[in-house]
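Student: Attaching a single structure in structure tokens format; questions to follow.
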Amino acid sequence: MKALAAAAVALALLIALALLAPQWLVFMAMLALAKGVVVLGLVVLMRTGLVSFGQGLYFGIGAYAAALLSHQWHIADAAVMLLAAAAAGGLIAALLGLLLARYRDIFFAMLSLALSMILYGLLVKSAALGSTDGFNLHARTFFGMAFASGMERRVFLIAGSACAVVAALMVHRLLGRHWGRLASAVRDNELRVSYLGASPYRVVYVNYLIAGALAGFGGALAALAVGHVDPETTYWTTSGEFVFIAILGGTQSIIAPFVAAAIFEALRTIASQYAPNVWQMSLGLAMLAIIMFQPAGLWSLAERWRRSA
Amino acid sequence: MRISPSFGLRTAVAAFVMLLTVPASLAQQPIKVGIVTLLSGPAAGPFGVPARNAAELTAETLNAGTVPAPYTQKGFGGTPIELVIIDEAGGPQKQVAEFRNLAPRVDIVIGYISSGDCLAIAPVAEELKKLTILFDCGTPRIFEDASYKYVFRTGPTGTMDNVSVALYLVERNPNVKSIAGINQNYAWGQDSWADFENSMKTLKPGIEVKTSQMPKLFAGQFGAEITTLLGSGAEVIHSSMWGGDLEGLVLQGAPRGLFEKHKVILSAGEPAINRLSTRIPDGTILGARGPFGPFAPDTELARWLKTNYQDRYQVPPNYASFKMAQAILAVKAAYEKAKGAGSAVPDQDRIIAALENLTFEGPGGAVKMSLGKGHQAIMDAAVGTTKVEGGQLKMVDVVRYPAEKVNPPDGVKSEAWIKSDLKK
């Protein structure tokens, strides 16, 4: 019940933000939300002890799925784009998961990285899709309803928020039950899980699939915000950014990814504005500080505060 | 009454948010110009930093009123200008975010080297109704696939770079029979090669394409590709490489006889000459993406940029510097034209109206905003051949091609024009 109340409050806040905030903040919120959803999937995967350095694969698939719908088939409906992107991400994850779920540790990380870079290579070679330049996409309707320009992005943010909150709630339920403890058990001692009669392969596979679908959804949401897709979405630095955000927030809560994504976006913007020559270094120093002083992520601060209160 | 600390914090946050949302108006002093250029990453050295340097130099000399005619008036129409510089690195997604943050803080945005960034920014500029000048990116797709009111590009597209070197080659080697290419595997390399290949096929029907090598961007090592090129038997090798890759190609290719055995064309080679200098073998055909750098005409405006830039940064300005100066001067010309038409402080719509179809003088010569419904510049193209004379690299046999000869007419796509009407 507590989670449900928190979700309702979060959704109400996001809707208020979408309706009242200036355009630039709506855009930032959309981007942060998109990345938060991807990182949520990553956190699900991390529960099994696996770090994917290739979530850019599904982020890119989602972005290109949405963009191709408008570009090739002239379907400019945001709802269709978001759902199709999540489905595309989930579908590819269901396929690749068959292979990846067999691997652990560094082998899993490297293989996921390699697969995302294959997609990057394919996109760079495809001149019809604009190669590294990418191409624009335009979403004009939501479930067939058209909105005034300026209003449409706010509507997309509300829709994205609703989906993200529902997804977060479902993940919270899932991890709070039998499944979540099984995932932690796979991380701690896989052999013992097998002896108890559960299949670690199945746990990893399903969690990978969830992560893929969420990343696909996030990719489409980001593409809707930006209005442009390019192969950078699948590049390893993009995947690294998701891992960065996951570490920044910590993996113990499902709200942490969203808070961390918002902090990351804000941090990057502030660094770009006030230190245009050293913005990357500013981010790197922030990362270093987190690892040194808050190894369990910023969320551990919130936990401590809650316990002391 | 006690004020709780959280109330104070909330007030501060609210004040901060309000500060950020207050739009800058054109009437404020001075005129704020956002400059977006690559300050980090591999393209910062050859393009981004030379462009930023030129922006700072141009802004300072404009404010001091020491730029030659017709730009002698201080600032923009007497109002000083102030630059807000941000980094273009990080990809289109980040750039769209930064643009949205920058737009409310400045009156005009000038920037973007990467074509991907330009394609992503243009629709956003249109949405935010912010006058935005693209100064360097090359892809003709921006105004060929869409049309914009608030977006302009004051530098020529990449089309004429490869058309002009093809014309130059065919004039000097009328019997050329085979070509090959080595270009970086990304949009710029692919587009440049396609333009060159198609130009050659139009100018010399039946020309044989021996091989097209597309090494990875920033690969740096081209041993295998050079071997393939040496064995290809092609008479001419085309490359649109830049930066470290171009230096790698020259330094690794020259000792192996790549430049002796073949006629080599470096369609965007100009920024490398300051670093490679005499190590570029004689007889290499070189382009500068327009009449820039060593190809600049001998005008007072070109001398102003060359002398001041050399004095300040100890290197000559390259094409990125020229194009940045040109973009700022374009806005100045439009601003002053709009001001001269009556309004004391011209609003954005008047500046846009003045800039559309404008012909103005840049440090590289005349610039005509004649494509993309008056939003895309064309310029003369210049091509030359390298020759080391007295220990210094010189450009000899320099040819200037009139803008209309190397650019498509308005409303015609570059690719189609190269394939059908280039020959005339």
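Naming scheme: A, B, ... for chains in displayed order of the structure tokens; residues 1 onward per chain; ligands 1 onward as shown.
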Find the residues around Ile273 (chain B) up to 10 Å (only C-alpha atoms counted), leave out those fewer than 6 positions away in its own chain, and share them as an mmCIF file with C-alpha atoms, in the first residue's frame.
Tutor:
```cif
data_model
loop_
_atom_site.group_PDB
_atom_site.id
_atom_site.type_symbol
_atom_site.label_atom_id
_atom_site.label_comp_id
_atom_site.auth_asym_id
_atom_site.auth_seq_id
_atom_site.Cartn_x
_atom_site.Cartn_y
_atom_site.Cartn_z
ATOM 1 C CA GLU B 247 47.766 12.943 -40.629
ATOM 2 C CA ARG B 279 55.419 16.564 -45.154
ATOM 3 C CA ILE B 280 52.511 16.709 -47.593
ATOM 4 C CA LEU B 286 43.919 20.072 -51.793
ATOM 5 C CA GLY B 293 42.839 29.758 -45.549
ATOM 6 C CA PRO B 294 45.517 29.829 -48.242
ATOM 7 C CA PRO B 316 47.248 30.930 -39.462
ATOM 8 C CA ASN B 318 42.049 27.596 -41.092
ATOM 9 C CA THR B 386 50.721 21.533 -53.041
ATOM 10 C CA LEU B 393 54.427 24.556 -48.329
ATOM 11 C CA LYS B 394 52.843 26.640 -51.081
#
```
Student: If you count only C-alpha atoms, which residues fall within 7 Å of region 24-38 of chain A, apart from same-chain ones fewer than 6 positions away, as number ranges by chain?
Tutor: A: 18, 154, 157, 164, 214-215, 218-219, 221-222, 225, 257-258, 261-262, 265; B: 97, 100-101
Student: Define the interface residues of chain B facing chain A as those within 6 Å, counting only C-alpha atoms, and report them as an NGL selection string.
Tutor: :B and (86-87 or 100 or 115-116 or 120 or 186-187)
Student: Quick one: residues within 10 Å of Leu248 (chain A), only C-alpha atoms counted, chain neighbours fewer than 3 positions away excluded, as a list of chain:residue names?
Tutor: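 Returned residues: A:Phe242, A:Val243, A:Phe244, A:Ile245, A:Thr251, A:Ala256, A:Pro257, A:Val259, A:Ala260, A:Ala261, A:Ile263, A:Phe264, A:Ala286, A:Met287, A:Ala289, A:Ile290, A:Ile291, A:Gln294, A:Pro295, A:Ala296, A:Gly297, A:Leu298, A:Trp299.
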Student: Could you state the separation of CA of Lys149 (chain B) and CA of Cys137 (chain B) in Å, given to one decimal place?
Tutor: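 Answer for the CA of Lys149 (chain B) to CA of Cys137 (chain B) separation: 18.3 Å.
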Student: Select from region 49-270 of chain A everything DSSP, run on the backbone, classes as strand (DSSP E or B), then give the selection as a ChimeraX atom specification.
Tutor: /A:77,135-136,141-142,145-146,228-229
Student: Since we have the selection now, will you write its residues out, keeping N, CA, C and O atoms, as an mmCIF file, in the first residue's frame?
Tutor:
```
data_model
loop_
_atom_site.group_PDB
_atom_site.id
_atom_site.type_symbol
_atom_site.label_atom_id
_atom_site.label_comp_id
_atom_site.auth_asym_id
_atom_site.auth_seq_id
_atom_site.Cartn_x
_atom_site.Cartn_y
_atom_site.Cartn_z
ATOM 1 N N ASP A 77 2.226 8.438 -34.379
ATOM 2 C CA ASP A 77 1.503 8.398 -33.121
ATOM 3 C C ASP A 77 2.435 7.973 -31.999
ATOM 4 O O ASP A 77 3.025 6.893 -32.027
ATOM 5 N N PHE A 135 18.557 10.801 -38.405
ATOM 6 C CA PHE A 135 17.454 11.514 -39.066
ATOM 7 C C PHE A 135 16.418 11.962 -38.034
ATOM 8 O O PHE A 135 16.423 11.499 -36.894
ATOM 9 N N ASN A 136 15.543 12.863 -38.474
ATOM 10 C CA ASN A 136 14.517 13.431 -37.579
ATOM 11 C C ASN A 136 13.300 12.522 -37.472
ATOM 12 O O ASN A 136 13.048 11.732 -38.373
ATOM 13 N N THR A 141 0.576 12.865 -32.840
ATOM 14 C CA THR A 141 -0.655 12.494 -32.141
ATOM 15 C C THR A 141 -0.350 11.533 -30.999
ATOM 16 O O THR A 141 0.737 10.959 -30.920
ATOM 17 N N PHE A 142 -1.316 11.358 -30.140
ATOM 18 C CA PHE A 142 -1.217 10.368 -29.076
ATOM 19 C C PHE A 142 -2.544 9.612 -29.045
ATOM 20 O O PHE A 142 -3.576 10.189 -28.776
ATOM 21 N N MET A 145 -5.124 11.364 -30.978
ATOM 22 C CA MET A 145 -5.501 12.727 -30.633
ATOM 23 C C MET A 145 -4.368 13.685 -31.006
ATOM 24 O O MET A 145 -3.223 13.423 -30.684
ATOM 25 N N ALA A 146 -4.699 14.772 -31.668
ATOM 26 C CA ALA A 146 -3.688 15.757 -32.037
ATOM 27 C C ALA A 146 -3.656 16.882 -31.011
ATOM 28 O O ALA A 146 -4.673 17.185 -30.395
ATOM 29 N N HIS A 228 15.123 13.415 -32.863
ATOM 30 C CA HIS A 228 16.195 13.021 -33.783
ATOM 31 C C HIS A 228 16.809 11.735 -33.245
ATOM 32 O O HIS A 228 16.937 11.570 -32.037
ATOM 33 N N VAL A 229 17.158 10.818 -34.143
ATOM 34 C CA VAL A 229 17.888 9.623 -33.697
ATOM 35 C C VAL A 229 19.197 9.517 -34.459
ATOM 36 O O VAL A 229 19.288 9.949 -35.612
#
```
Student: Write down as a VMD selection string the residues belonging to region 128-259 of chain B that are assigned alpha helix (DSSP H) by DSSP computed on the backbone.
Tutor: chain B and resid 128 141 to 144 159 to 172 187 to 203 223 to 232 243 to 253 258 to 259
Student: Write out as a list in words the residues lying within 10 Å of Ala302 (chain B), counting only C-alpha atoms and excluding same-chain residues fewer than 5 positions away.
Tutor: Pro68, Phe292, Gly293, Ala296, Pro297, Thr307, Phe322, Gly362, Pro363, Gly364 and Gly365 of chain B
Student: Please identify all polymer residues within 8 Å of Leu45 (chain A), counting only C-alpha atoms, omitting same-chain residues fewer than 4 positions from it, and present them as a short mmCIF file (atom, residue, chain, number, x, y, z; two decimals) with N, CA and C atoms, in the first residue's frame.
Tutor:
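What ended up in selection_26.cif:
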```
data_model
loop_
_atom_site.label_atom_id
_atom_site.label_comp_id
_atom_site.auth_asym_id
_atom_site.auth_seq_id
_atom_site.Cartn_x
_atom_site.Cartn_y
_atom_site.Cartn_z
N GLY A 41 15.66 -0.92 -15.63
CA GLY A 41 15.89 -2.25 -16.19
C GLY A 41 17.27 -2.78 -15.80
N GLY A 49 23.25 -9.83 -10.13
CA GLY A 49 24.70 -9.73 -10.10
C GLY A 49 25.33 -9.50 -11.46
N LEU A 50 24.49 -9.14 -12.45
CA LEU A 50 25.03 -8.94 -13.79
C LEU A 50 24.98 -7.46 -14.18
N VAL A 51 26.09 -6.96 -14.72
CA VAL A 51 26.12 -5.59 -15.22
C VAL A 51 26.20 -5.64 -16.74
N SER A 52 25.22 -5.02 -17.40
CA SER A 52 25.25 -4.97 -18.86
C SER A 52 25.90 -3.66 -19.30
N VAL A 204 17.76 -15.20 -14.86
CA VAL A 204 18.58 -14.24 -15.61
C VAL A 204 17.89 -13.88 -16.93
N ASN A 207 14.87 -11.57 -16.32
CA ASN A 207 15.32 -10.23 -15.92
C ASN A 207 15.96 -9.49 -17.09
N TYR A 208 16.67 -10.23 -17.94
CA TYR A 208 17.28 -9.62 -19.12
C TYR A 208 16.20 -9.10 -20.07
N ALA A 211 14.73 -5.96 -18.72
CA ALA A 211 15.66 -4.85 -18.93
C ALA A 211 15.63 -4.38 -20.38
#
```
Student: Write out as a list in words each polymer residue whose atoms come within 6 Å of region 64-67 of chain A, counting only C-alpha atoms; drop sequence neighbours fewer than 6 positions from it.
Tutor: Met81, Ala85, Leu137 and Ala220 of chain A
Student: Counting only C-alpha atoms, figure out which residue out of A:Ile255, A:Ala185, A:Leu196, A:Leu57 gets nearest to Glu303 (chain A).
Tutor: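 Smallest distance to Glu303 (chain A) is found for A:Ile255.
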Student: Could you please determine the separation between CA of Glu260 (chain B) and CA of Asp282 (chain B) in Å, to one decimal place?
Tutor: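 About the pair CA of Glu260 (chain B) and CA of Asp282 (chain B): they are 8.8 Å apart.
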Student: Which one is closest to Ala12 (chain A): A:Ala79, A:Arg102, A:Ile92, A:Ala162? Count only C-alpha atoms.
Tutor: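 Counting only C-alpha atoms, the residue closest to Ala12 (chain A) is A:Ala162.
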Student: May I have the residues within 9 Å of Leu39 (chain B) as an MDAnalysis selection string, using only C-alpha atoms and disregarding those fewer than 2 positions away in the same chain?
Tutor: (chainID A and resid 276:277) or (chainID B and resid 36:37 41 43:45 48:49 52 86:89)
Student: Using only C-alpha atoms, pick whichever of B:Lys323, B:Lys216, B:Arg105, B:Arg303 has the shortest atom-to-atom distance to Gly155 (chain B).
Tutor: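 Nearest candidate to Gly155 (chain B) out of B:Lys323, B:Lys216, B:Arg105, B:Arg303: B:Lys323.
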